[in-house]
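Structure file coords.txt with compact mmCIF, C-alpha atoms and all ligand atoms:
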```txt
# COMPACT_ATOMS: atom_id res chain seq x y z
CA MET A 1 42.12 24.21 -30.32
CA PHE A 2 40.08 22.69 -33.11
CA THR A 3 39.94 19.40 -31.21
CA LYS A 4 38.80 21.20 -28.08
CA ILE A 5 35.95 22.91 -29.95
CA THR A 6 34.95 19.61 -31.51
CA ARG A 7 34.94 17.99 -28.08
CA VAL A 8 32.84 20.79 -26.59
CA ALA A 9 30.44 20.58 -29.52
CA ALA A 10 30.16 16.83 -29.02
CA MET A 11 29.45 17.32 -25.32
CA VAL A 12 26.77 19.89 -26.05
CA GLY A 13 25.35 17.51 -28.65
CA CYS A 14 25.19 14.70 -26.07
CA ALA A 15 23.57 16.94 -23.49
CA LEU A 16 21.00 18.06 -26.03
CA ALA A 17 20.34 14.47 -27.05
CA ALA A 18 19.86 13.47 -23.40
CA GLY A 19 17.63 16.51 -22.87
CA THR A 20 15.57 15.57 -25.92
CA ALA A 21 15.30 11.96 -24.75
CA LEU A 22 14.03 13.11 -21.37
CA ALA A 23 11.68 15.62 -22.98
CA ALA A 24 10.26 12.76 -25.07
CA TYR A 25 9.77 10.51 -21.99
CA PRO A 26 7.39 8.77 -21.84
CA GLU A 27 7.39 7.60 -25.44
CA LYS A 28 5.17 4.61 -24.70
CA PRO A 29 2.77 3.53 -21.91
CA ILE A 30 4.28 3.10 -18.44
CA THR A 31 3.25 -0.06 -16.57
CA VAL A 32 2.40 0.44 -12.90
CA VAL A 33 2.49 -2.92 -11.13
CA VAL A 34 0.06 -3.26 -8.21
CA PRO A 35 1.08 -6.33 -6.21
CA PHE A 36 -2.53 -7.15 -5.27
CA ALA A 37 -5.72 -8.14 -7.07
CA ALA A 38 -7.76 -5.67 -9.13
CA GLY A 39 -10.67 -3.94 -7.44
CA GLY A 40 -8.96 -3.66 -4.05
CA PRO A 41 -7.69 -0.77 -1.94
CA THR A 42 -4.20 -0.43 -3.47
CA ASP A 43 -5.58 -0.85 -6.97
CA VAL A 44 -8.05 2.01 -6.60
CA VAL A 45 -5.39 4.44 -5.39
CA ALA A 46 -2.93 3.29 -8.10
CA ARG A 47 -5.51 3.76 -10.86
CA THR A 48 -6.47 7.23 -9.65
CA LEU A 49 -2.81 8.24 -9.32
CA SER A 50 -1.96 6.76 -12.73
CA GLN A 51 -4.69 8.81 -14.35
CA ALA A 52 -3.48 12.03 -12.69
CA MET A 53 0.20 11.32 -13.46
CA GLY A 54 -0.70 10.52 -17.07
CA THR A 55 -2.16 14.01 -17.41
CA GLN A 56 1.08 15.49 -16.05
CA LEU A 57 3.36 13.36 -18.22
CA LYS A 58 1.17 13.61 -21.32
CA GLY A 59 1.33 9.85 -21.57
CA SER A 60 -0.46 6.85 -20.20
CA LEU A 61 0.18 4.78 -17.10
CA ILE A 62 -1.40 1.34 -17.24
CA VAL A 63 -2.03 -0.63 -14.04
CA GLU A 64 -1.04 -4.30 -14.07
CA ASN A 65 -2.23 -6.42 -11.14
CA ALA A 66 0.29 -9.02 -9.98
CA GLY A 67 -1.25 -10.26 -6.73
CA GLY A 68 -0.17 -13.12 -4.49
CA ALA A 69 2.05 -13.85 -1.49
CA GLY A 70 1.10 -10.63 0.28
CA GLY A 71 2.50 -8.36 -2.44
CA THR A 72 5.91 -10.02 -2.70
CA ILE A 73 5.30 -11.55 -6.15
CA GLY A 74 4.56 -8.19 -7.79
CA ALA A 75 7.38 -6.44 -5.94
CA GLY A 76 9.86 -9.15 -7.02
CA LYS A 77 8.72 -8.75 -10.61
CA VAL A 78 9.49 -5.02 -10.60
CA ALA A 79 12.81 -5.57 -8.82
CA ARG A 80 13.90 -7.60 -11.86
CA ALA A 81 12.43 -5.21 -14.47
CA ALA A 82 14.59 -2.88 -16.57
CA GLY A 83 15.26 0.48 -14.92
CA ASP A 84 14.07 2.42 -17.95
CA GLY A 85 11.12 4.29 -16.46
CA TYR A 86 8.55 2.05 -18.14
CA THR A 87 7.87 -0.32 -15.23
CA LEU A 88 6.97 1.07 -11.81
CA LEU A 89 5.64 -0.44 -8.58
CA PHE A 90 2.90 0.97 -6.39
CA HIS A 91 3.15 -0.72 -3.02
CA HIS A 92 2.33 -0.08 0.61
CA ILE A 93 3.52 -0.80 4.15
CA GLY A 94 4.06 -4.44 3.10
CA MET A 95 7.35 -3.37 1.52
CA SER A 96 8.66 -2.74 5.05
CA THR A 97 7.28 -5.86 6.75
CA ALA A 98 8.18 -8.42 4.05
CA PRO A 99 11.93 -8.53 4.91
CA SER A 100 11.04 -9.61 8.47
CA LEU A 101 8.16 -11.91 7.51
CA TYR A 102 9.75 -13.84 4.66
CA ARG A 103 12.69 -16.17 5.22
CA LYS A 104 13.36 -16.05 1.48
CA LEU A 105 12.62 -12.86 -0.38
CA ASP A 106 13.80 -12.37 -3.95
CA PHE A 107 14.21 -8.60 -3.62
CA LYS A 108 15.75 -6.08 -1.24
CA PRO A 109 13.40 -3.15 -0.64
CA LEU A 110 16.13 -0.59 0.01
CA ASP A 111 18.58 -1.77 -2.66
CA ASP A 112 16.47 -2.90 -5.60
CA PHE A 113 14.16 0.11 -5.90
CA ILE A 114 14.31 3.87 -6.10
CA PRO A 115 11.35 5.41 -4.29
CA ILE A 116 9.79 8.19 -6.37
CA GLY A 117 7.62 9.57 -3.60
CA ALA A 118 5.14 8.61 -0.90
CA VAL A 119 1.52 9.27 -1.82
CA VAL A 120 -1.13 8.51 0.80
CA ASP A 121 -1.58 7.05 4.26
CA VAL A 122 -4.75 4.99 4.53
CA PRO A 123 -6.45 4.01 7.78
CA MET A 124 -8.08 0.62 8.17
CA THR A 125 -11.45 -0.49 9.44
CA LEU A 126 -12.45 -3.61 11.32
CA ILE A 127 -15.41 -5.07 9.43
CA ALA A 128 -17.51 -8.22 9.63
CA LYS A 129 -19.83 -10.19 7.37
CA PRO A 130 -23.35 -8.78 6.94
CA GLN A 131 -24.95 -11.53 9.07
CA THR A 132 -22.97 -10.46 12.17
CA THR A 133 -25.35 -9.66 15.00
CA GLN A 134 -23.02 -7.67 17.28
CA THR A 135 -23.40 -3.91 17.04
CA ASN A 136 -20.29 -2.51 18.71
CA ALA A 137 -16.56 -3.23 18.94
CA LYS A 138 -16.66 -4.40 22.57
CA ASP A 139 -19.30 -7.04 21.83
CA LEU A 140 -17.62 -8.11 18.61
CA LEU A 141 -14.27 -8.65 20.35
CA ALA A 142 -15.99 -10.58 23.16
CA TYR A 143 -17.75 -12.73 20.57
CA ILE A 144 -14.48 -13.39 18.72
CA ARG A 145 -12.72 -14.40 21.95
CA ALA A 146 -15.55 -16.74 22.91
CA ASN A 147 -15.79 -18.31 19.45
CA LYS A 148 -12.19 -18.30 18.29
CA GLU A 149 -12.34 -21.82 16.80
CA LYS A 150 -15.16 -20.75 14.49
CA ILE A 151 -13.94 -17.33 13.36
CA ASN A 152 -12.22 -16.89 10.01
CA LEU A 153 -10.14 -13.78 9.51
CA ALA A 154 -9.61 -12.86 5.85
CA ASN A 155 -6.45 -11.18 4.59
CA ALA A 156 -4.46 -10.50 1.43
CA GLY A 157 -1.63 -12.91 2.31
CA VAL A 158 1.42 -12.77 4.55
CA GLY A 159 2.90 -9.29 4.20
CA SER A 160 -0.32 -7.50 3.30
CA ALA A 161 -1.74 -4.70 5.42
CA SER A 162 -4.76 -6.82 6.34
CA HIS A 163 -2.38 -9.54 7.51
CA LEU A 164 -0.38 -7.09 9.61
CA CYS A 165 -3.54 -5.61 11.12
CA GLY A 166 -4.84 -9.12 11.82
CA LEU A 167 -1.56 -10.08 13.50
CA LEU A 168 -1.72 -7.04 15.75
CA LEU A 169 -5.37 -7.76 16.50
CA GLN A 170 -4.71 -11.38 17.50
CA SER A 171 -1.74 -10.36 19.58
CA ALA A 172 -3.65 -7.55 21.34
CA MET A 173 -6.57 -9.92 21.99
CA LYS A 174 -4.22 -12.78 22.94
CA THR A 175 -6.35 -14.95 20.67
CA ASP A 176 -5.31 -17.09 17.69
CA LEU A 177 -7.70 -17.16 14.77
CA THR A 178 -7.85 -19.08 11.52
CA THR A 179 -6.74 -16.82 8.68
CA VAL A 180 -7.84 -17.14 5.06
CA PRO A 181 -5.51 -15.55 2.49
CA PHE A 182 -6.64 -14.03 -0.83
CA SER A 183 -4.64 -12.35 -3.61
CA GLY A 184 -6.01 -9.01 -2.44
CA THR A 185 -8.78 -7.68 -0.24
CA GLY A 186 -10.85 -7.03 -3.39
CA PRO A 187 -11.61 -10.77 -3.64
CA ALA A 188 -11.55 -11.09 0.17
CA MET A 189 -14.33 -8.48 0.33
CA THR A 190 -16.42 -10.55 -2.10
CA ALA A 191 -16.01 -13.53 0.24
CA LEU A 192 -16.98 -11.41 3.27
CA LEU A 193 -20.04 -10.00 1.51
CA GLY A 194 -21.07 -13.57 0.71
CA GLY A 195 -20.64 -14.60 4.36
CA ASN A 196 -17.85 -17.04 3.45
CA VAL A 197 -15.40 -15.45 5.89
CA ASP A 198 -16.25 -13.68 9.14
CA ILE A 199 -14.07 -10.65 9.75
CA MET A 200 -11.42 -8.55 8.08
CA CYS A 201 -9.26 -5.54 8.72
CA ASP A 202 -9.14 -3.54 5.51
CA GLN A 203 -8.25 -0.12 4.19
CA THR A 204 -10.91 2.58 3.87
CA THR A 205 -10.05 2.79 0.16
CA ASN A 206 -11.83 -0.57 -0.16
CA THR A 207 -14.36 -0.43 2.66
CA THR A 208 -15.87 3.07 2.51
CA GLY A 209 -18.44 2.26 -0.19
CA GLN A 210 -19.39 -1.06 1.43
CA ILE A 211 -19.77 0.46 4.90
CA LYS A 212 -21.72 3.50 3.72
CA GLY A 213 -23.89 1.27 1.53
CA GLY A 214 -24.67 -0.93 4.56
CA LYS A 215 -23.22 -4.00 2.83
CA VAL A 216 -20.84 -4.94 5.66
CA LYS A 217 -20.86 -4.35 9.41
CA ALA A 218 -18.18 -1.91 10.56
CA PHE A 219 -16.93 -1.78 14.14
CA ALA A 220 -13.83 0.37 14.48
CA VAL A 221 -11.10 2.32 12.73
CA THR A 222 -7.39 1.65 13.21
CA SER A 223 -6.42 5.33 13.32
CA LYS A 224 -5.55 6.96 16.63
CA ASN A 225 -8.54 9.28 16.40
CA LYS A 226 -11.98 8.99 14.86
CA LEU A 227 -12.22 9.57 11.11
CA ALA A 228 -14.28 12.38 9.58
CA ASN A 229 -15.80 9.89 7.11
CA PHE A 230 -16.98 7.56 9.90
CA PRO A 231 -17.91 9.70 12.90
CA ASP A 232 -19.78 6.76 14.48
CA LEU A 233 -16.84 4.35 14.46
CA PRO A 234 -14.53 4.38 17.51
CA PRO A 235 -10.78 3.89 17.21
CA LEU A 236 -9.97 0.22 17.93
CA ALA A 237 -7.59 1.60 20.56
CA SER A 238 -10.61 2.39 22.74
CA GLU A 239 -10.93 -1.39 23.26
CA LEU A 240 -7.32 -2.45 22.61
CA PRO A 241 -5.08 0.33 24.00
CA GLY A 242 -2.31 1.50 21.70
CA PHE A 243 -3.74 -0.21 18.61
CA GLU A 244 -2.86 1.87 15.56
CA VAL A 245 -2.10 1.03 11.94
CA GLY A 246 -1.84 3.37 8.94
CA VAL A 247 -1.11 2.05 5.49
CA TRP A 248 1.36 4.32 3.70
CA HIS A 249 1.95 3.93 -0.03
CA ILE A 250 5.01 4.68 -2.16
CA LEU A 251 5.57 4.68 -5.93
CA TYR A 252 8.89 3.00 -6.87
CA ALA A 253 11.07 2.58 -9.93
CA PRO A 254 13.54 -0.31 -10.25
CA LYS A 255 17.16 0.45 -9.35
CA ASN A 256 19.24 1.80 -12.26
CA THR A 257 16.41 4.05 -13.43
CA PRO A 258 18.18 7.22 -14.66
CA ALA A 259 18.12 10.09 -12.17
CA ASP A 260 16.51 12.49 -14.66
CA VAL A 261 13.64 10.05 -15.25
CA VAL A 262 13.17 9.65 -11.49
CA ALA A 263 13.15 13.45 -11.13
CA LYS A 264 10.55 13.79 -13.89
CA LEU A 265 8.36 11.11 -12.28
CA GLN A 266 8.76 12.77 -8.88
CA SER A 267 7.53 16.13 -10.27
CA ALA A 268 4.63 14.39 -12.01
CA LEU A 269 3.72 12.57 -8.78
CA GLN A 270 3.78 15.79 -6.75
CA ALA A 271 1.61 17.59 -9.31
CA ALA A 272 -0.75 14.58 -9.60
CA ILE A 273 -1.32 14.60 -5.84
CA LYS A 274 -2.52 18.22 -6.17
CA ASP A 275 -4.87 17.34 -9.04
CA PRO A 276 -8.41 18.13 -7.75
CA MET A 277 -9.69 14.84 -9.19
CA PHE A 278 -7.08 12.85 -7.22
CA ALA A 279 -7.53 14.92 -4.05
CA ALA A 280 -11.34 14.59 -4.13
CA LYS A 281 -11.23 10.82 -4.66
CA MET A 282 -8.74 10.32 -1.81
CA LYS A 283 -10.87 12.44 0.51
CA GLU A 284 -13.97 10.45 -0.41
CA LEU A 285 -12.13 7.20 0.39
CA GLY A 286 -10.57 8.44 3.63
CA ALA A 287 -6.96 8.39 2.35
CA GLU A 288 -4.73 11.05 3.83
CA ILE A 289 -2.27 12.79 1.49
CA MET A 290 1.36 12.40 2.59
CA SER A 291 3.24 15.51 3.70
CA ALA A 292 5.22 17.32 0.97
CA ASP A 293 8.61 16.21 2.34
CA ARG A 294 7.57 12.57 1.88
CA GLN A 295 6.36 13.15 -1.66
CA THR A 296 10.05 13.10 -2.65
CA SER A 297 12.46 10.33 -3.51
CA ALA A 298 14.62 11.07 -0.45
CA GLY A 299 11.66 11.51 1.92
CA ALA A 300 10.04 8.26 0.79
CA LYS A 301 13.32 6.35 1.21
CA THR A 302 13.68 7.69 4.76
CA LEU A 303 10.12 6.57 5.51
CA LEU A 304 10.74 3.08 4.08
CA ALA A 305 13.99 2.65 6.04
CA ALA A 306 12.37 3.82 9.28
CA GLU A 307 9.41 1.47 8.83
CA ILE A 308 11.66 -1.55 8.10
CA SER A 309 13.42 -0.86 11.42
CA LYS A 310 10.14 -0.25 13.24
CA TRP A 311 8.44 -3.50 12.20
CA ALA A 312 11.43 -5.89 12.48
CA PRO A 313 11.36 -6.29 16.29
CA ILE A 314 7.54 -6.40 16.40
CA ILE A 315 7.41 -9.19 13.83
CA GLN A 316 10.31 -11.06 15.44
CA ALA A 317 8.44 -10.94 18.75
CA ALA A 318 5.27 -12.24 17.07
CA LYS A 319 7.32 -15.17 15.62
CA VAL A 320 5.48 -15.14 12.31
CA TYR A 321 7.33 -16.31 9.23
CA ALA A 322 6.55 -17.31 5.69
CA ASP A 323 8.71 -19.17 3.17
N1 LIG A 401 -3.51 -3.70 -0.27
C1 LIG A 401 -4.12 -5.00 -0.46
C2 LIG A 401 -5.01 -5.00 -1.67
O1 LIG A 401 -5.00 -4.05 -2.41
C3 LIG A 401 -4.84 -5.40 0.75
C4 LIG A 401 -3.95 -5.49 1.94
O2 LIG A 401 -2.79 -5.16 1.90
O3 LIG A 401 -4.46 -5.93 2.96
O4 LIG A 401 -5.72 -5.93 -1.88
```

Starting from the coordinates I provided, produce the structure as structure tokens.
Amino acid sequence: MFTKITRVAAMVGCALAAGTALAAYPEKPITVVVPFAAGGPTDVVARTLSQAMGTQLKGSLIVENAGGAGGTIGAGKVARAAGDGYTLLFHHIGMSTAPSLYRKLDFKPLDDFIPIGAVVDVPMTLIAKPQTTQTNAKDLLAYIRANKEKINLANAGVGSASHLCGLLLQSAMKTDLTTVPFSGTGPAMTALLGGNVDIMCDQTTNTTGQIKGGKVKAFAVTSKNKLANFPDLPPLASELPGFEVGVWHILYAPKNTPADVVAKLQSALQAAIKDPMFAAKMKELGAEIMSADRQTSAGAKTLLAAEISKWAPIIQAAKVYAD
């Protein structure tokens, strides 16, 4: 009897200790790895989300940029990090294309991470350097076809959204272009503004300010329909039927992260998405908030799995690989 009571007391003690540990989480800053350069489209969303989640968690989330190889370097880094809730990954659609694009990948998207929740879906824009003389998508595409040896298409490396969009563009146009990879479209945008590369497909979270400020020429959006932020830009599908790309983003923890920590992060993510500061910034940048069912660990995992299956045959057909 006495032993039983002692055992029960010990169990209650453990539960309380675990509860206290979770209540204390986070006890130190959480690192959010962005697998692209600072100042780009993923970075801006990650920083805004980190700020809003920090308010919810009464702690701080610090963004660390680990760009290169289309996002696979940063993702691999988080796959090997401790699952203690203090290292997270904020990544996009590239998580689903990398397994088909890379012959050697040092992480498994579905096995090495626990999705916390999906956050936003970001449309892309087809933009060109300021010196471009064409004024509409039809003329730009005709110019690209006629000058394919001269045109440089910038991207953020094999596996990035700009790479995927560029692949689809070249395939839809049946035209091969020279591609120039950067560690993110932040630096690629600097090159475009300087006229050092010719065209780029990039997310509205990086291009809105430049387009509205008249710094780059914009020709089309990659969403099915026109975007409220750019009523003058046609969907690229009006020239290239069926063309559509949306760049979804998920926050991940490494595998082995305790379930209660994941649950706490999931609640913080859901509340952060409703934060008026976050919502206003996403609206300004043309990012669409994910539906509530995808703002969950299970919903985000379903999305990731479905996207891996969706892109595999498309990439296999395009015969594009990286080592
Ligand atoms: N998301 C990348 C970045 O933040 C760009 C891309 O994927 O094309 O730079």

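Distances here use only C-alpha atoms and all ligand atoms; by that measure, the residue among A:Ala23, A:Ala154, A:Ala79, A:Leu49 closest to ligand LIG 401 (chain A) is A:Ala154.
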
Find the residues around Met95 (chain A) up to 12 Å (all atoms listed in the file counted), leave out those fewer than 3 positions away in its own chain, and share them as an MDAnalysis selection string.
chainID A and resid 35 70:76 79 89:92 98:102 105 107:110 112:113 115 158:161 164 247:252 300:301 303:309 311:312

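Between CA of Asn136 (chain A) and atom C3 of ligand LIG 401 (chain A) the separation is 23.9 Å.
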
Next on the checklist: Please compute the CA of Ser223 (chain A)-CA of Glu244 (chain A) distance, one decimal, in Å.
Outcome noted: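 Between CA of Ser223 (chain A) and CA of Glu244 (chain A) the gap is 5.4 Å.
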
(message) Please report the interatomic distance between CA of Pro235 (chain A) and CA of Leu126 (chain A) in Å with one decimal.
(response)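 CA of Leu126 (chain A) lies 9.7 Å from CA of Pro235 (chain A).
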
Proximity of chain A to ligand LIG 401 (chain A): per-residue shortest pair, 6 Å limit, all atoms listed in the file, as a Markdown table:
```
| residue | atom | partner | partner_atom | distance |
| --- | --- | --- | --- | --- |
| A:Phe36 | CA | A:LIG401 | O4 | 4.8 |
| A:Ala37 | CA | A:LIG401 | O4 | 5.6 |
| A:Gly40 | CA | A:LIG401 | O1 | 4.3 |
| A:Pro41 | CA | A:LIG401 | O1 | 4.3 |
| A:Thr42 | CA | A:LIG401 | O1 | 3.9 |
| A:Asp43 | CA | A:LIG401 | O1 | 5.6 |
| A:Asn155 | CA | A:LIG401 | O3 | 5.8 |
| A:Ala156 | CA | A:LIG401 | O3 | 4.8 |
| A:Ser160 | CA | A:LIG401 | O2 | 3.7 |
| A:Ala161 | CA | A:LIG401 | O2 | 3.7 |
| A:Ser162 | CA | A:LIG401 | O3 | 3.5 |
| A:Gly184 | CA | A:LIG401 | O4 | 3.1 |
| A:Thr185 | CA | A:LIG401 | O4 | 3.9 |
| A:Gly186 | CA | A:LIG401 | O4 | 5.5 |
| A:Asp202 | CA | A:LIG401 | O3 | 5.8 |
```

Near-Ser50 (chain A) list (10 Å; only C-alpha atoms; drop same-chain fewer than 4 positions) as a PDB file with C-alpha atoms, in the coordinates of the input:
```
ATOM      1  CA  ILE A  30       4.280   3.100 -18.440  1.00  0.00           C
ATOM      2  CA  THR A  31       3.250  -0.060 -16.570  1.00  0.00           C
ATOM      3  CA  VAL A  32       2.400   0.440 -12.900  1.00  0.00           C
ATOM      4  CA  VAL A  44      -8.050   2.010  -6.600  1.00  0.00           C
ATOM      5  CA  VAL A  45      -5.390   4.440  -5.390  1.00  0.00           C
ATOM      6  CA  ALA A  46      -2.930   3.290  -8.100  1.00  0.00           C
ATOM      7  CA  GLY A  54      -0.700  10.520 -17.070  1.00  0.00           C
ATOM      8  CA  THR A  55      -2.160  14.010 -17.410  1.00  0.00           C
ATOM      9  CA  GLN A  56       1.080  15.490 -16.050  1.00  0.00           C
ATOM     10  CA  GLY A  59       1.330   9.850 -21.570  1.00  0.00           C
ATOM     11  CA  SER A  60      -0.460   6.850 -20.200  1.00  0.00           C
ATOM     12  CA  LEU A  61       0.180   4.780 -17.100  1.00  0.00           C
ATOM     13  CA  ILE A  62      -1.400   1.340 -17.240  1.00  0.00           C
ATOM     14  CA  VAL A  63      -2.030  -0.630 -14.040  1.00  0.00           C
ATOM     15  CA  PHE A  90       2.900   0.970  -6.390  1.00  0.00           C
ATOM     16  CA  LEU A 269       3.720  12.570  -8.780  1.00  0.00           C
ATOM     17  CA  ALA A 272      -0.750  14.580  -9.600  1.00  0.00           C
ATOM     18  CA  PHE A 278      -7.080  12.850  -7.220  1.00  0.00           C
TER      19      PHE A 278
END
```

**OP:** Find, counting all atoms listed in the file, the residue in A:Ala218, A:Leu167, A:Ile93, A:Val197 that gets nearest to Ala318 (chain A).
**Re:**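 Closest residue, counting all atoms listed in the file: A:Leu167.
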
Original post:
Counting all atoms listed in the file, which residues come within 9 Å of (5.2, 13.8, -9.0), with the point read in the file's coordinates, and could you list them as number ranges by chain?
Top reply: A: 53, 56, 116-117, 263-273, 295-296

Of A:Ala81, A:Leu57, A:Val122, A:Leu236, the one sitting nearest Lys138 (chain A) when using all atoms listed in the file is A:Leu236

**Request:** Skip Pro123 (chain A) itself and residues of its chain fewer than 3 positions away, then list as a count of residues only all residues within 8 Å of it, counting only C-alpha atoms.
**Result:** 10

query: Restricting the calculation to all atoms listed in the file, which member of A:Ala137, A:Val216, A:Val262, A:Leu227 is positioned closest to Thr87 (chain A)?
result: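 Among A:Ala137, A:Val216, A:Val262, A:Leu227, it is A:Val262 that comes nearest to Thr87 (chain A).
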
Lys274 (chain A) proximity check over A:Ala52, A:Ala220, A:Ala172, A:Leu192, using all atoms listed in the file: winner is A:Ala52

Of A:Cys201, A:Leu233, A:Met277, A:Ala228, the one sitting nearest Ile127 (chain A) when using all atoms listed in the file is A:Cys201

Enclose the full set of atoms of region 113-121 of chain A listed in the file within a box whose edges lie along x, y and z, apply 3 Å of padding to each of the six sides, and report centre and edge lengths in Å to one decimal as lines of an AutoDock Vina configuration file.
```
center_x = 6.4
center_y = 4.8
center_z = -1.1
size_x = 21.9
size_y = 15.5
size_z = 16.6
```

Practice item. Give me the residues within 9 Å of Gln131 (chain A) as a ChimeraX atom specification, counting only C-alpha atoms and dropping any in the same chain fewer than 5 places off. Key: /A:195,198,216-217

Assuming the input is short of atoms at region 122-129 of chain A, produce all heavy atoms for that part as an mmCIF file, in the frame of the given file.
```cif
data_model
loop_
_atom_site.group_PDB
_atom_site.id
_atom_site.type_symbol
_atom_site.label_atom_id
_atom_site.label_comp_id
_atom_site.auth_asym_id
_atom_site.auth_seq_id
_atom_site.Cartn_x
_atom_site.Cartn_y
_atom_site.Cartn_z
ATOM 1 N N VAL A 122 -3.343 5.402 4.514
ATOM 2 C CA VAL A 122 -4.750 4.990 4.530
ATOM 3 C C VAL A 122 -5.080 4.250 5.824
ATOM 4 O O VAL A 122 -4.451 3.233 6.131
ATOM 5 C CB VAL A 122 -5.060 4.074 3.311
ATOM 6 C CG1 VAL A 122 -6.546 3.749 3.246
ATOM 7 C CG2 VAL A 122 -4.595 4.711 2.002
ATOM 8 N N PRO A 123 -6.067 4.739 6.566
ATOM 9 C CA PRO A 123 -6.450 4.010 7.780
ATOM 10 C C PRO A 123 -7.215 2.735 7.429
ATOM 11 O O PRO A 123 -7.675 2.574 6.299
ATOM 12 C CB PRO A 123 -7.364 5.005 8.511
ATOM 13 C CG PRO A 123 -7.809 5.979 7.487
ATOM 14 C CD PRO A 123 -6.847 5.949 6.343
ATOM 15 N N MET A 124 -7.344 1.869 8.408
ATOM 16 C CA MET A 124 -8.080 0.620 8.170
ATOM 17 C C MET A 124 -9.344 0.601 9.018
ATOM 18 O O MET A 124 -9.504 1.403 9.940
ATOM 19 C CB MET A 124 -7.189 -0.585 8.527
ATOM 20 C CG MET A 124 -5.885 -0.579 7.754
ATOM 21 S SD MET A 124 -4.896 -2.062 7.981
ATOM 22 C CE MET A 124 -5.581 -3.130 6.728
ATOM 23 N N THR A 125 -10.201 -0.338 8.684
ATOM 24 C CA THR A 125 -11.450 -0.490 9.440
ATOM 25 C C THR A 125 -11.592 -1.963 9.796
ATOM 26 O O THR A 125 -11.186 -2.833 9.010
ATOM 27 C CB THR A 125 -12.654 -0.075 8.565
ATOM 28 O OG1 THR A 125 -12.484 -0.645 7.265
ATOM 29 C CG2 THR A 125 -12.772 1.429 8.439
ATOM 30 N N LEU A 126 -12.148 -2.229 10.946
ATOM 31 C CA LEU A 126 -12.450 -3.610 11.320
ATOM 32 C C LEU A 126 -13.891 -3.868 10.894
ATOM 33 O O LEU A 126 -14.815 -3.195 11.380
ATOM 34 C CB LEU A 126 -12.291 -3.807 12.832
ATOM 35 C CG LEU A 126 -12.649 -5.198 13.363
ATOM 36 C CD1 LEU A 126 -11.756 -6.287 12.757
ATOM 37 C CD2 LEU A 126 -12.547 -5.237 14.895
ATOM 38 N N ILE A 127 -14.067 -4.801 9.956
ATOM 39 C CA ILE A 127 -15.410 -5.070 9.430
ATOM 40 C C ILE A 127 -15.754 -6.544 9.580
ATOM 41 O O ILE A 127 -14.870 -7.383 9.783
ATOM 42 C CB ILE A 127 -15.517 -4.647 7.938
ATOM 43 C CG1 ILE A 127 -14.437 -5.338 7.088
ATOM 44 C CG2 ILE A 127 -15.410 -3.125 7.773
ATOM 45 C CD1 ILE A 127 -14.570 -5.066 5.591
ATOM 46 N N ALA A 128 -17.049 -6.831 9.479
ATOM 47 C CA ALA A 128 -17.510 -8.220 9.630
ATOM 48 C C ALA A 128 -18.602 -8.503 8.613
ATOM 49 O O ALA A 128 -19.212 -7.579 8.060
ATOM 50 C CB ALA A 128 -18.015 -8.442 11.051
ATOM 51 N N LYS A 129 -18.837 -9.785 8.385
ATOM 52 C CA LYS A 129 -19.830 -10.190 7.370
ATOM 53 C C LYS A 129 -21.219 -9.625 7.737
ATOM 54 O O LYS A 129 -21.496 -9.364 8.929
ATOM 55 C CB LYS A 129 -19.864 -11.711 7.238
ATOM 56 C CG LYS A 129 -20.325 -12.450 8.472
ATOM 57 C CD LYS A 129 -20.247 -13.953 8.230
ATOM 58 C CE LYS A 129 -20.694 -14.700 9.486
ATOM 59 N NZ LYS A 129 -20.507 -16.142 9.391
#
```
